[in-house]
Each structure stands twice: as C-alpha cells, then as structure tokens.
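See below for entry01.cif, which holds mmCIF, C-alpha atoms.
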```cif
data_protein
loop_
_atom_site.label_atom_id
_atom_site.label_comp_id
_atom_site.auth_asym_id
_atom_site.auth_seq_id
_atom_site.Cartn_x
_atom_site.Cartn_y
_atom_site.Cartn_z
CA MET A 1 -11.36 36.78 86.84
CA LYS A 2 -8.19 37.33 88.89
CA VAL A 3 -4.86 37.88 87.15
CA ILE A 4 -3.47 34.72 88.70
CA ASP A 5 -6.37 32.71 87.27
CA LEU A 6 -6.05 34.35 83.85
CA ILE A 7 -2.39 33.32 83.76
CA LYS A 8 -3.01 29.78 84.94
CA GLU A 9 -5.88 29.19 82.51
CA SER A 10 -4.08 30.58 79.46
CA LYS A 11 -3.37 27.81 76.93
CA HIS A 12 -0.20 29.58 75.82
CA THR A 13 2.31 31.92 77.42
CA ALA A 14 0.13 34.82 78.54
CA PHE A 15 0.69 38.34 77.22
CA SER A 16 0.32 41.52 79.28
CA PHE A 17 1.72 45.01 79.23
CA GLU A 18 2.09 48.15 81.28
CA ILE A 19 1.06 51.68 80.33
CA LEU A 20 1.50 55.15 81.81
CA PRO A 21 -1.44 57.48 82.50
CA PRO A 22 -1.40 60.53 80.22
CA LEU A 23 0.40 63.63 81.37
CA LYS A 24 -1.74 66.17 83.18
CA GLY A 25 -3.59 68.22 80.57
CA HIS A 26 -3.66 65.39 78.01
CA ASN A 27 -6.63 63.17 77.30
CA ILE A 28 -6.85 59.39 77.46
CA GLN A 29 -6.77 58.82 73.71
CA LYS A 30 -3.03 58.03 73.65
CA VAL A 31 -3.66 55.28 76.18
CA TYR A 32 -6.41 53.88 73.97
CA ASP A 33 -4.12 54.09 70.94
CA VAL A 34 -1.56 51.85 72.63
CA ILE A 35 -4.21 49.36 73.72
CA ASP A 36 -5.83 49.35 70.27
CA LYS A 37 -2.41 48.53 68.77
CA LEU A 38 -1.65 45.66 71.16
CA ARG A 39 -5.05 44.12 71.87
CA GLU A 40 -4.79 41.76 68.86
CA PHE A 41 -2.34 39.68 70.93
CA ASP A 42 -5.02 38.94 73.53
CA PRO A 43 -3.60 40.68 76.59
CA LYS A 44 -4.79 38.95 79.74
CA TYR A 45 -4.42 42.14 81.76
CA ILE A 46 -3.06 45.68 81.50
CA ASN A 47 -1.08 47.43 84.22
CA ILE A 48 -1.44 51.16 84.88
CA THR A 49 1.40 52.91 86.67
CA SER A 50 0.84 55.36 89.55
CA HIS A 51 2.86 58.52 90.12
CA HIS A 52 3.26 60.62 93.23
CA SER A 53 3.36 64.40 93.25
CA GLU A 54 6.71 66.14 92.92
CA TYR A 55 8.05 69.66 93.14
CA ILE A 56 9.04 71.40 89.92
CA GLU A 57 10.24 74.88 89.04
CA LYS A 58 7.48 76.72 87.17
CA VAL A 59 7.33 80.24 85.75
CA GLN A 60 4.30 82.07 87.14
CA PRO A 61 2.23 84.65 85.19
CA ASP A 62 4.16 87.43 86.95
CA GLY A 63 7.42 86.00 85.62
CA VAL A 64 8.63 84.73 88.99
CA VAL A 65 9.87 81.15 89.15
CA ARG A 66 8.33 79.24 92.03
CA ARG A 67 8.49 75.66 93.24
CA VAL A 68 5.08 74.08 92.84
CA ASN A 69 3.82 70.62 93.75
CA ILE A 70 2.23 68.77 90.87
CA ARG A 71 1.29 65.22 89.99
CA LYS A 72 2.37 64.92 86.38
CA ARG A 73 0.38 61.76 85.64
CA PRO A 74 -2.84 61.64 87.69
CA GLY A 75 -5.79 59.36 87.11
CA SER A 76 -4.61 55.75 87.40
CA VAL A 77 -7.76 54.71 89.32
CA ALA A 78 -10.08 56.23 86.74
CA ILE A 79 -8.04 54.88 83.82
CA ALA A 80 -8.18 51.35 85.24
CA SER A 81 -11.97 51.55 85.33
CA ALA A 82 -12.11 53.11 81.85
CA ILE A 83 -10.00 50.29 80.38
CA GLN A 84 -12.15 47.56 81.90
CA ASN A 85 -15.36 49.20 80.75
CA ARG A 86 -14.14 49.96 77.25
CA TYR A 87 -12.25 46.75 76.45
CA GLY A 88 -13.40 44.13 78.94
CA ILE A 89 -9.74 43.48 79.78
CA THR A 90 -8.68 43.15 83.41
CA ALA A 91 -6.95 46.34 84.55
CA VAL A 92 -4.28 46.33 87.25
CA PRO A 93 -3.49 49.74 88.76
CA HIS A 94 -0.24 50.15 90.65
CA ILE A 95 -0.69 51.01 94.32
CA ILE A 96 2.47 52.59 95.72
CA CYS A 97 3.74 53.61 99.15
CA LYS A 98 5.68 56.73 98.38
CA GLY A 99 3.81 59.98 97.98
CA PHE A 100 0.48 58.54 99.09
CA THR A 101 -0.68 58.52 102.70
CA LYS A 102 -2.27 55.45 104.25
CA ASP A 103 -5.63 57.26 104.21
CA GLU A 104 -5.26 58.15 100.52
CA THR A 105 -4.52 54.51 99.81
CA GLU A 106 -7.64 53.43 101.65
CA TYR A 107 -9.80 55.88 99.69
CA ALA A 108 -8.27 54.58 96.45
CA LEU A 109 -9.14 51.01 97.47
CA ILE A 110 -12.73 52.01 98.20
CA ASP A 111 -13.04 53.77 94.84
CA LEU A 112 -11.50 50.84 92.98
CA HIS A 113 -13.89 48.40 94.60
CA PHE A 114 -16.89 50.56 93.72
CA LEU A 115 -15.60 50.65 90.13
CA GLY A 116 -15.19 46.87 89.93
CA VAL A 117 -11.38 46.85 89.77
CA TYR A 118 -10.16 44.04 92.03
CA ASP A 119 -6.57 43.37 90.89
CA LEU A 120 -3.58 45.41 92.06
CA LEU A 121 0.19 45.54 91.77
CA LEU A 122 1.76 46.66 95.04
CA LEU A 123 5.03 48.60 94.88
CA ARG A 124 7.11 50.87 97.04
CA GLY A 125 7.36 53.47 94.28
CA ASP A 126 10.14 55.71 93.07
CA VAL A 127 11.76 57.79 95.81
CA LYS A 128 14.22 59.69 93.61
CA THR A 129 11.84 62.58 92.87
CA LEU A 130 10.09 62.54 96.24
CA GLU A 131 10.53 65.27 98.84
CA VAL A 132 11.53 64.19 102.33
CA GLU A 133 8.28 63.40 104.11
CA ALA A 134 7.59 65.72 107.03
CA HIS A 135 5.32 63.16 108.70
CA PRO A 136 6.75 59.73 107.88
CA GLY A 137 4.15 57.95 110.02
CA LEU A 138 1.49 58.90 107.50
CA TYR A 139 3.16 56.80 104.79
CA HIS A 140 4.23 53.21 104.35
CA THR A 141 7.97 52.67 104.15
CA HIS A 142 8.06 49.36 102.29
CA ALA A 143 5.83 47.46 99.88
CA THR A 144 5.38 44.77 102.53
CA ASP A 145 3.91 47.42 104.85
CA LEU A 146 1.47 48.43 102.13
CA GLN A 147 0.69 44.76 101.63
CA GLN A 148 -0.42 44.47 105.24
CA GLN A 149 -2.85 47.36 104.75
CA ILE A 150 -4.38 45.61 101.73
CA ASN A 151 -4.68 42.38 103.69
CA ARG A 152 -6.44 44.14 106.57
CA PHE A 153 -8.74 45.94 104.13
CA ASN A 154 -9.68 42.56 102.64
CA GLN A 155 -10.56 41.44 106.19
CA GLY A 156 -12.81 44.46 106.72
CA ILE A 157 -10.42 46.45 108.93
CA SER A 158 -9.87 50.16 108.26
CA ILE A 159 -6.47 51.85 108.54
CA ASP A 160 -7.51 53.25 111.93
CA GLY A 161 -8.34 49.75 113.15
CA SER A 162 -12.12 50.13 113.04
CA PRO A 163 -14.20 47.42 111.32
CA PHE A 164 -16.31 48.09 108.24
CA GLU A 165 -18.67 46.06 106.11
CA ARG A 166 -16.43 43.56 104.40
CA PHE A 167 -16.56 43.54 100.60
CA ASP A 168 -17.69 40.37 98.86
CA MET A 169 -14.79 40.49 96.38
CA PRO A 170 -11.37 40.87 98.08
CA PHE A 171 -8.46 42.43 96.24
CA SER A 172 -5.97 40.12 94.57
CA TYR A 173 -2.47 41.38 93.98
CA GLY A 174 1.00 40.76 92.65
CA MET A 175 4.28 42.34 93.70
CA ALA A 176 7.71 43.08 92.27
CA CYS A 177 10.94 41.07 92.44
CA TYR A 178 14.50 41.70 91.29
CA PRO A 179 16.59 39.04 89.52
CA GLU A 180 19.61 41.37 89.54
CA ARG A 181 19.22 42.86 93.02
CA HIS A 182 17.21 45.92 94.05
CA GLU A 183 19.25 49.12 94.01
CA GLU A 184 19.05 49.43 97.80
CA ALA A 185 19.53 45.77 98.68
CA PRO A 186 23.00 44.97 100.07
CA ASP A 187 23.00 41.54 98.41
CA MET A 188 20.85 38.98 96.62
CA GLU A 189 20.09 37.23 99.90
CA THR A 190 18.10 40.30 100.91
CA ASP A 191 16.13 40.28 97.68
CA ILE A 192 15.40 36.57 98.08
CA PHE A 193 14.21 37.18 101.64
CA TYR A 194 11.77 39.94 100.65
CA ALA A 195 10.47 38.03 97.63
CA LYS A 196 9.66 35.12 99.95
CA GLU A 197 8.09 37.49 102.48
CA LYS A 198 5.82 39.04 99.85
CA VAL A 199 4.56 35.61 98.87
CA ARG A 200 4.19 34.51 102.49
CA GLN A 201 1.97 37.52 103.16
CA GLY A 202 -0.29 36.86 100.19
CA ALA A 203 1.15 37.97 96.84
CA GLY A 204 -0.43 35.76 94.17
CA TYR A 205 2.44 36.25 91.72
CA LEU A 206 5.69 38.16 91.29
CA VAL A 207 6.72 40.22 88.27
CA THR A 208 10.37 41.03 87.69
CA GLN A 209 12.18 44.25 87.05
CA MET A 210 13.36 44.41 83.45
CA PHE A 211 16.30 42.19 82.57
CA PHE A 212 18.18 41.34 79.38
CA ASP A 213 20.07 38.21 80.42
CA ASN A 214 17.73 35.23 80.71
CA ALA A 215 20.31 33.24 82.65
CA LYS A 216 19.89 35.66 85.56
CA TYR A 217 16.13 35.15 85.51
CA TYR A 218 16.45 31.36 85.42
CA ALA A 219 18.92 31.39 88.31
CA PHE A 220 16.63 33.65 90.32
CA VAL A 221 13.58 31.46 89.73
CA GLU A 222 15.53 28.30 90.56
CA ARG A 223 16.66 29.84 93.83
CA LEU A 224 13.11 30.87 94.80
CA ARG A 225 11.73 27.46 93.90
CA ALA A 226 14.39 25.88 96.11
CA GLU A 227 13.21 28.20 98.90
CA GLY A 228 9.64 26.93 98.52
CA VAL A 229 8.14 29.76 96.43
CA THR A 230 5.59 28.28 94.02
CA VAL A 231 3.71 31.33 92.65
CA PRO A 232 4.24 32.42 89.02
CA ILE A 233 7.34 34.58 88.54
CA ILE A 234 6.59 36.68 85.47
CA PRO A 235 9.46 38.05 83.36
CA GLY A 236 9.33 41.81 82.78
CA ILE A 237 10.50 42.72 79.28
CA LYS A 238 11.66 46.19 78.19
CA PRO A 239 12.84 46.59 74.59
CA ILE A 240 15.77 48.96 74.16
CA VAL A 241 14.82 51.88 71.92
CA PHE A 242 17.61 54.44 72.42
CA GLN A 243 21.40 54.25 72.09
CA ASN A 244 21.99 55.80 75.50
CA GLN A 245 20.09 53.00 77.23
CA LEU A 246 23.27 50.95 76.94
CA THR A 247 24.56 52.98 79.90
CA VAL A 248 21.36 54.47 81.35
CA LEU A 249 19.52 51.22 82.14
CA PRO A 250 22.37 49.61 84.11
CA ALA A 251 22.87 52.85 86.04
CA VAL A 252 19.21 53.49 86.86
CA PHE A 253 17.71 50.00 87.10
CA ARG A 254 20.75 47.76 87.72
CA SER A 255 19.76 45.83 84.61
CA GLU A 256 22.98 44.42 83.18
CA ILE A 257 23.39 44.56 79.41
CA PRO A 258 24.88 41.27 78.14
CA GLU A 259 28.03 41.74 76.10
CA ALA A 260 26.42 40.27 72.98
CA LEU A 261 23.71 42.94 73.12
CA ALA A 262 26.19 45.66 74.03
CA VAL A 263 28.26 44.80 70.95
CA GLU A 264 25.23 45.22 68.70
CA LEU A 265 24.23 48.51 70.33
CA ARG A 266 27.75 49.94 69.94
CA LYS A 267 27.48 49.32 66.20
CA CYS A 268 24.33 51.45 65.96
CA LYS A 269 24.72 54.85 64.32
CA ASP A 270 21.42 56.26 65.60
CA ASP A 271 18.37 55.53 67.74
CA ALA A 272 16.53 53.89 64.85
CA ALA A 273 19.28 51.28 64.56
CA ALA A 274 19.31 50.82 68.35
CA LYS A 275 15.55 50.28 68.31
CA ALA A 276 15.86 47.60 65.64
CA ALA A 277 18.62 45.89 67.61
CA GLY A 278 16.45 46.06 70.73
CA VAL A 279 13.52 44.42 68.95
CA GLU A 280 15.70 41.63 67.60
CA TRP A 281 17.22 40.95 71.01
CA SER A 282 13.83 40.92 72.75
CA ILE A 283 12.40 38.51 70.17
CA ARG A 284 15.22 36.05 70.84
CA GLN A 285 14.93 36.63 74.58
CA CYS A 286 11.15 36.00 74.59
CA LYS A 287 11.37 32.92 72.39
CA ASP A 288 13.88 31.44 74.79
CA LEU A 289 11.70 32.27 77.79
CA ILE A 290 8.68 30.69 76.13
CA ALA A 291 10.72 27.58 75.30
CA HIS A 292 11.55 27.36 79.01
CA GLY A 293 7.84 27.38 79.88
CA VAL A 294 7.39 30.80 81.52
CA PRO A 295 3.73 31.34 82.44
CA SER A 296 3.52 34.85 81.05
CA LEU A 297 5.46 37.73 79.53
CA HIS A 298 4.90 41.26 80.80
CA PHE A 299 6.02 44.17 78.60
CA TYR A 300 6.96 47.69 79.69
CA THR A 301 5.68 49.90 76.85
CA PHE A 302 6.88 53.37 77.88
CA MET A 303 8.40 54.86 74.71
CA ALA A 304 8.37 51.33 73.28
CA SER A 305 4.82 50.37 72.28
CA GLY A 306 5.85 50.10 68.62
CA SER A 307 8.70 47.77 69.55
CA VAL A 308 6.41 45.67 71.75
CA TYR A 309 4.05 45.31 68.78
CA GLU A 310 6.88 44.08 66.55
CA ILE A 311 8.01 41.59 69.19
CA ALA A 312 4.52 40.30 69.94
CA LYS A 313 3.86 39.86 66.22
CA GLU A 314 6.78 37.43 66.07
CA ILE A 315 6.07 35.39 69.21
CA TYR A 316 2.25 35.30 69.56
#
```

Could you render the structure from this file as structure tokens?
Amino acid sequence: MKVIDLIKESKHTAFSFEILPPLKGHNIQKVYDVIDKLREFDPKYINITSHHSEYIEKVQPDGVVRRVNIRKRPGSVAIASAIQNRYGITAVPHIICKGFTKDETEYALIDLHFLGVYDLLLLRGDVKTLEVEAHPGLYHTHATDLQQQINRFNQGISIDGSPFERFDMPFSYGMACYPERHEEAPDMETDIFYAKEKVRQGAGYLVTQMFFDNAKYYAFVERLRAEGVTVPIIPGIKPIVFQNQLTVLPAVFRSEIPEALAVELRKCKDDAAAKAAGVEWSIRQCKDLIAHGVPSLHFYTFMASGSVYEIAKEIY
C-alpha cells in the first residue's frame, strides 16, 4: 500500500520515522535495534536516508595522508528491501540529486522495483560536503528535475529517451517542504512556489524540515491551502538531545528555537538535562499538532531514537 494511502486510512495520527544506514564497515543490526524499539507504535512507514560519496583525508598504510573518495553510509536500497522483508513495514528510501548521476538513479529505480519497494522520498540532497561536479550535465540540479525523471520512468521512458517495458506498479513519492524557508531561498514566496510545483508535478505528500514552533507550521499550511495545495503536509519532528543544538540547529537548518524552549535549554547543566527538556518540548509540540488534526507525525531519529521512544510512548 502506498504511503499516501497508509496515511489516509490511519484511524489516528499516523506515526513514521527516519533512520540512517549504518556506517561503512558496520552491520545492519543497529538499524534493526531502532526499529525493534519503535515498532510498538505501529509505524506506517520508515524512511531511509541516502548519502553521496565525499572526499576525506585518510592515512594510508605507508603513512602518507591522501584524499580518498568514500561513501560513509552505503546501502539504502538494500536496507529498504531488508526492512520490508523483515518487518512487513513500508520502506521509503531517499532518492537524491547530488552525488548521484541520472544513470545511477535509473539503476537504483530498477533495483528498487525488482525488490518490491515502490515508495520514495525525493530530495536534492546535502551539497555542503559535495565536491564541485566536473560534469554537471550528468546530475540533476533540483529535486523537481529529479521528479521529472521519476515521472518519465513511471511512463516507461528511460533517461536517454528510449522506451522500455513499463512496470505494472509505478513509484509513488513524497517531497520536502520548508515552513521556515530553505537556506538558499531568497524568501518564503520562493518556498511556496516550489512546494506548489512539487505537488503540481505529482508529489503525493510533503514532509517538512524540522521545526520547533508550531505556529510557523500552521501558517505555512494555511498559506499552501489558500494556494490550492490539498495533499497531506506532514510535520517533521526532531527532539533536541544536546545543549549545543540551541545554536547549531538554527545555523544549519534555519529552524528557529522558540524563546520558551531556549529558556529551558539555557538552564540545562549538561546534555542529559537538554535531552529531557527536548523530550518534554516535543511531547507538548506533538500533542498540539495532533489536536489540530495533522494527518501524521514524522520523526527524525538520528542520535535521538531513545527520545523518540519516550515521546511516542506519551502520545500514541
């Protein structure tokens, strides 16, 4: 069943979460441990992030430091299939523009279809750790460009324009949106425009960047509804777990920390206290969102799966 249908048919506010593939050289057990911890809350789907290769400085056996290209977290396609087969829960791998050529994307789509994974989340991807691309024509620039490739694939058209045998089950996908403005957007009007464009081109739902002020989410949704957008707009929730996130999250993600939360975090003497404050804030935030009838809550679990468990225990 498609993610959009799982959300619509849920009798209560749906629960989902996002995980990272294990670091290269680690096995999948840590992924299973997170899922085993959270599956009691009936997740409708699980997202798996994708990561492009990046250059790092690495000491070689001869003692010389060289720049090497490595993908720190490979395996999102395989992990998506493993999750569906092991748990029977819909898996949603992230498909990203940056660091993956159009051909590599097509091969990933073919593999996913063979594996029975039909739901995707389409994203541009992080460019901060990406080398300047020597052949930019090989890559998509924006998520909406990637979206067009997925749409053509669903129609049975290869990236080179040649037709192929159309699959019986087309891919369904969601895309990202930004209640507090994307870091590269000059203004909110631009973010509204691209959110509308993603839906116009076929996104079945939108999921937000993390936010901590529900008023910003409500205002964003109201604006999109006024613009004719009717698809579910799913709140993305990230519990604070470290003291330094008071300054790091606004700087990196443009996620404003409300003063009431900032006051509590400034009182914290250590990360354990900050984590507790983050859980308490997220519980109140989620209860308010549920009271306002949001269709689903989507949790970002990186370094926060324990907090997500504590929150879910209180609201589900």

List every protein, DNA or RNA residue that has at least one atom no more than 7 Å from (-9.0, 47.6, 86.7) in the file's coordinates, counting only C-alpha atoms, and write the result as a PDB file with C-alpha atoms, keeping the file's coordinate frame.
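Result saved to selection-v1.pdb:
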```pdb
ATOM      1  CA  ALA A  80      -8.180  51.350  85.240  1.00  0.00           C
ATOM      2  CA  SER A  81     -11.970  51.550  85.330  1.00  0.00           C
ATOM      3  CA  ILE A  83     -10.000  50.290  80.380  1.00  0.00           C
ATOM      4  CA  GLN A  84     -12.150  47.560  81.900  1.00  0.00           C
ATOM      5  CA  THR A  90      -8.680  43.150  83.410  1.00  0.00           C
ATOM      6  CA  ALA A  91      -6.950  46.340  84.550  1.00  0.00           C
ATOM      7  CA  VAL A  92      -4.280  46.330  87.250  1.00  0.00           C
ATOM      8  CA  PRO A  93      -3.490  49.740  88.760  1.00  0.00           C
ATOM      9  CA  VAL A 117     -11.380  46.850  89.770  1.00  0.00           C
ATOM     10  CA  TYR A 118     -10.160  44.040  92.030  1.00  0.00           C
ATOM     11  CA  ASP A 119      -6.570  43.370  90.890  1.00  0.00           C
TER      12      ASP A 119
END
```

Computed interatomic separation between CA of Ile237 (chain A) and CA of Gln149 (chain A) (Å)
29.1 Å

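Minimum atom-to-atom distance to Ser50 (chain A), evaluated using all atoms listed in the file, belongs to A:Ile96 out of A:Ile96, A:Ala291, A:Leu120, A:Leu6.
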
Taking into account only C-alpha atoms, which residue in the set A:Phe253, A:Lys313, A:His113, A:Asp191 is nearest to Asp42 (chain A)?
A:Lys313

With all atoms listed in the file as the counted atoms, please give the residues lying no more than 8 Å from His51 (chain A), apart from itself and same-chain residues fewer than 2 positions off, as a PDB file with C-alpha atoms, keeping the file's coordinate frame.
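Written output follows (around_16.pdb):
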```pdb
ATOM      1  CA  THR A  49       1.400  52.910  86.670  1.00  0.00           C
ATOM      2  CA  SER A  53       3.360  64.400  93.250  1.00  0.00           C
ATOM      3  CA  ARG A  71       1.290  65.220  89.990  1.00  0.00           C
ATOM      4  CA  LYS A  72       2.370  64.920  86.380  1.00  0.00           C
ATOM      5  CA  ARG A  73       0.380  61.760  85.640  1.00  0.00           C
ATOM      6  CA  PRO A  74      -2.840  61.640  87.690  1.00  0.00           C
ATOM      7  CA  GLY A 125       7.360  53.470  94.280  1.00  0.00           C
TER       8      GLY A 125
END
```

Compare A:Phe167, A:Tyr218, A:Gln148, A:Ile48 by their minimum atom-to-atom distance to Glu197 (chain A), counting only C-alpha atoms, and give me the closest one.
A:Gln148

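One finds CA of Lys216 (chain A) at 17.1 Å from CA of Phe193 (chain A).
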
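Proximity to Glu180 (chain A) was assessed for A:Arg200, A:Arg254, A:Lys267, A:Lys2 counting all atoms listed in the file; the smallest distance is recorded for A:Arg254.
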
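When all atoms listed in the file are used to compute distances to Tyr107 (chain A), the closest of the residues A:Asp62, A:Ile159, A:His26, A:Gly88 turns out to be A:Ile159.
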
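Across the model, the gap from CA of Gln243 (chain A) to CA of Ala276 (chain A) is 10.8 Å.
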
Quick one: what's the axis-aligned box for region 193-204 of chain A, all listed atoms, 4 Å on every side, centre and edges in Å to one decimal, as AutoDock Vina command-line options?
```
--center_x 6.9 --center_y 37.2 --center_z 98.7 --size_x 22.6 --size_y 13.4 --size_z 17.0
```

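Using all atoms listed in the file, the smallest distance between any of A:Asn244, A:Gln201, A:Ser158, A:Gln209 and Asp145 (chain A) comes from A:Gln201.
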
Taking the file as shown, find all residues satisfying the PyMOL selection byres ((chain A and resi 279) around 12) and write them as a PyMOL selection string.
chain A and resi 212+237-242+261+264-265+272-278+280-286+304-315

Output file for the selection above: C-alpha atoms, as an mmCIF file, keeping the file's coordinate frame:
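Generated output (selection.cif):
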```cif
data_model
loop_
_atom_site.group_PDB
_atom_site.id
_atom_site.type_symbol
_atom_site.label_atom_id
_atom_site.label_comp_id
_atom_site.auth_asym_id
_atom_site.auth_seq_id
_atom_site.Cartn_x
_atom_site.Cartn_y
_atom_site.Cartn_z
ATOM 1 C CA PHE A 212 18.180 41.340 79.380
ATOM 2 C CA ILE A 237 10.500 42.720 79.280
ATOM 3 C CA LYS A 238 11.660 46.190 78.190
ATOM 4 C CA PRO A 239 12.840 46.590 74.590
ATOM 5 C CA ILE A 240 15.770 48.960 74.160
ATOM 6 C CA VAL A 241 14.820 51.880 71.920
ATOM 7 C CA PHE A 242 17.610 54.440 72.420
ATOM 8 C CA LEU A 261 23.710 42.940 73.120
ATOM 9 C CA GLU A 264 25.230 45.220 68.700
ATOM 10 C CA LEU A 265 24.230 48.510 70.330
ATOM 11 C CA ALA A 272 16.530 53.890 64.850
ATOM 12 C CA ALA A 273 19.280 51.280 64.560
ATOM 13 C CA ALA A 274 19.310 50.820 68.350
ATOM 14 C CA LYS A 275 15.550 50.280 68.310
ATOM 15 C CA ALA A 276 15.860 47.600 65.640
ATOM 16 C CA ALA A 277 18.620 45.890 67.610
ATOM 17 C CA GLY A 278 16.450 46.060 70.730
ATOM 18 C CA GLU A 280 15.700 41.630 67.600
ATOM 19 C CA TRP A 281 17.220 40.950 71.010
ATOM 20 C CA SER A 282 13.830 40.920 72.750
ATOM 21 C CA ILE A 283 12.400 38.510 70.170
ATOM 22 C CA ARG A 284 15.220 36.050 70.840
ATOM 23 C CA GLN A 285 14.930 36.630 74.580
ATOM 24 C CA CYS A 286 11.150 36.000 74.590
ATOM 25 C CA ALA A 304 8.370 51.330 73.280
ATOM 26 C CA SER A 305 4.820 50.370 72.280
ATOM 27 C CA GLY A 306 5.850 50.100 68.620
ATOM 28 C CA SER A 307 8.700 47.770 69.550
ATOM 29 C CA VAL A 308 6.410 45.670 71.750
ATOM 30 C CA TYR A 309 4.050 45.310 68.780
ATOM 31 C CA GLU A 310 6.880 44.080 66.550
ATOM 32 C CA ILE A 311 8.010 41.590 69.190
ATOM 33 C CA ALA A 312 4.520 40.300 69.940
ATOM 34 C CA LYS A 313 3.860 39.860 66.220
ATOM 35 C CA GLU A 314 6.780 37.430 66.070
ATOM 36 C CA ILE A 315 6.070 35.390 69.210
#
```

Expand the PyMOL selection byres ((chain A and resi 298) around 7) into the explicit residue set it covers here, and present it as a JSON list (two decimals) with C-alpha atoms, in the frame of the given file.
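File expr.json, as written:
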```
[["chain", "number", "residue", "atom", "x", "y", "z"],
["A", 15, "PHE", "CA", 0.69, 38.34, 77.22],
["A", 16, "SER", "CA", 0.32, 41.52, 79.28],
["A", 17, "PHE", "CA", 1.72, 45.01, 79.23],
["A", 234, "ILE", "CA", 6.59, 36.68, 85.47],
["A", 235, "PRO", "CA", 9.46, 38.05, 83.36],
["A", 236, "GLY", "CA", 9.33, 41.81, 82.78],
["A", 237, "ILE", "CA", 10.50, 42.72, 79.28],
["A", 296, "SER", "CA", 3.52, 34.85, 81.05],
["A", 297, "LEU", "CA", 5.46, 37.73, 79.53],
["A", 299, "PHE", "CA", 6.02, 44.17, 78.60],
["A", 300, "TYR", "CA", 6.96, 47.69, 79.69]]
```

I want to know what sits within 8 Å of Pro43 (chain A), based on all atoms listed in the file, with residues of the same chain fewer than 2 positions away left out; could you give that as a ChimeraX atom specification?
/A:14-17,38-41,45-46,89

Any chance you could export the current selection's C-alpha atoms as a PDB file, in the frame of the given file?
```pdb
ATOM      1  CA  ALA A  14       0.130  34.820  78.540  1.00  0.00           C
ATOM      2  CA  PHE A  15       0.690  38.340  77.220  1.00  0.00           C
ATOM      3  CA  SER A  16       0.320  41.520  79.280  1.00  0.00           C
ATOM      4  CA  PHE A  17       1.720  45.010  79.230  1.00  0.00           C
ATOM      5  CA  LEU A  38      -1.650  45.660  71.160  1.00  0.00           C
ATOM      6  CA  ARG A  39      -5.050  44.120  71.870  1.00  0.00           C
ATOM      7  CA  GLU A  40      -4.790  41.760  68.860  1.00  0.00           C
ATOM      8  CA  PHE A  41      -2.340  39.680  70.930  1.00  0.00           C
ATOM      9  CA  TYR A  45      -4.420  42.140  81.760  1.00  0.00           C
ATOM     10  CA  ILE A  46      -3.060  45.680  81.500  1.00  0.00           C
ATOM     11  CA  ILE A  89      -9.740  43.480  79.780  1.00  0.00           C
TER      12      ILE A  89
END
```

To test your reading of the syntax: which residues would the PyMOL selection byres ((chain A and resi 31) around 9) return for the file shown? Reply as a JSON list (two decimals) with C-alpha atoms, in the coordinates of the input.
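Listing of selection.json after writing:
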```json
[["chain", "number", "residue", "atom", "x", "y", "z"],
["A", 19, "ILE", "CA", 1.06, 51.68, 80.33],
["A", 20, "LEU", "CA", 1.50, 55.15, 81.81],
["A", 21, "PRO", "CA", -1.44, 57.48, 82.50],
["A", 22, "PRO", "CA", -1.40, 60.53, 80.22],
["A", 27, "ASN", "CA", -6.63, 63.17, 77.30],
["A", 28, "ILE", "CA", -6.85, 59.39, 77.46],
["A", 29, "GLN", "CA", -6.77, 58.82, 73.71],
["A", 30, "LYS", "CA", -3.03, 58.03, 73.65],
["A", 32, "TYR", "CA", -6.41, 53.88, 73.97],
["A", 33, "ASP", "CA", -4.12, 54.09, 70.94],
["A", 34, "VAL", "CA", -1.56, 51.85, 72.63],
["A", 35, "ILE", "CA", -4.21, 49.36, 73.72],
["A", 36, "ASP", "CA", -5.83, 49.35, 70.27],
["A", 79, "ILE", "CA", -8.04, 54.88, 83.82]]
```

Give as a ChimeraX atom specification each residue that has an atom at most 12 Å from (-11.0, 53.7, 110.3) in the file, counting only C-alpha atoms.
/A:102-103,106-107,149,152-153,156-165
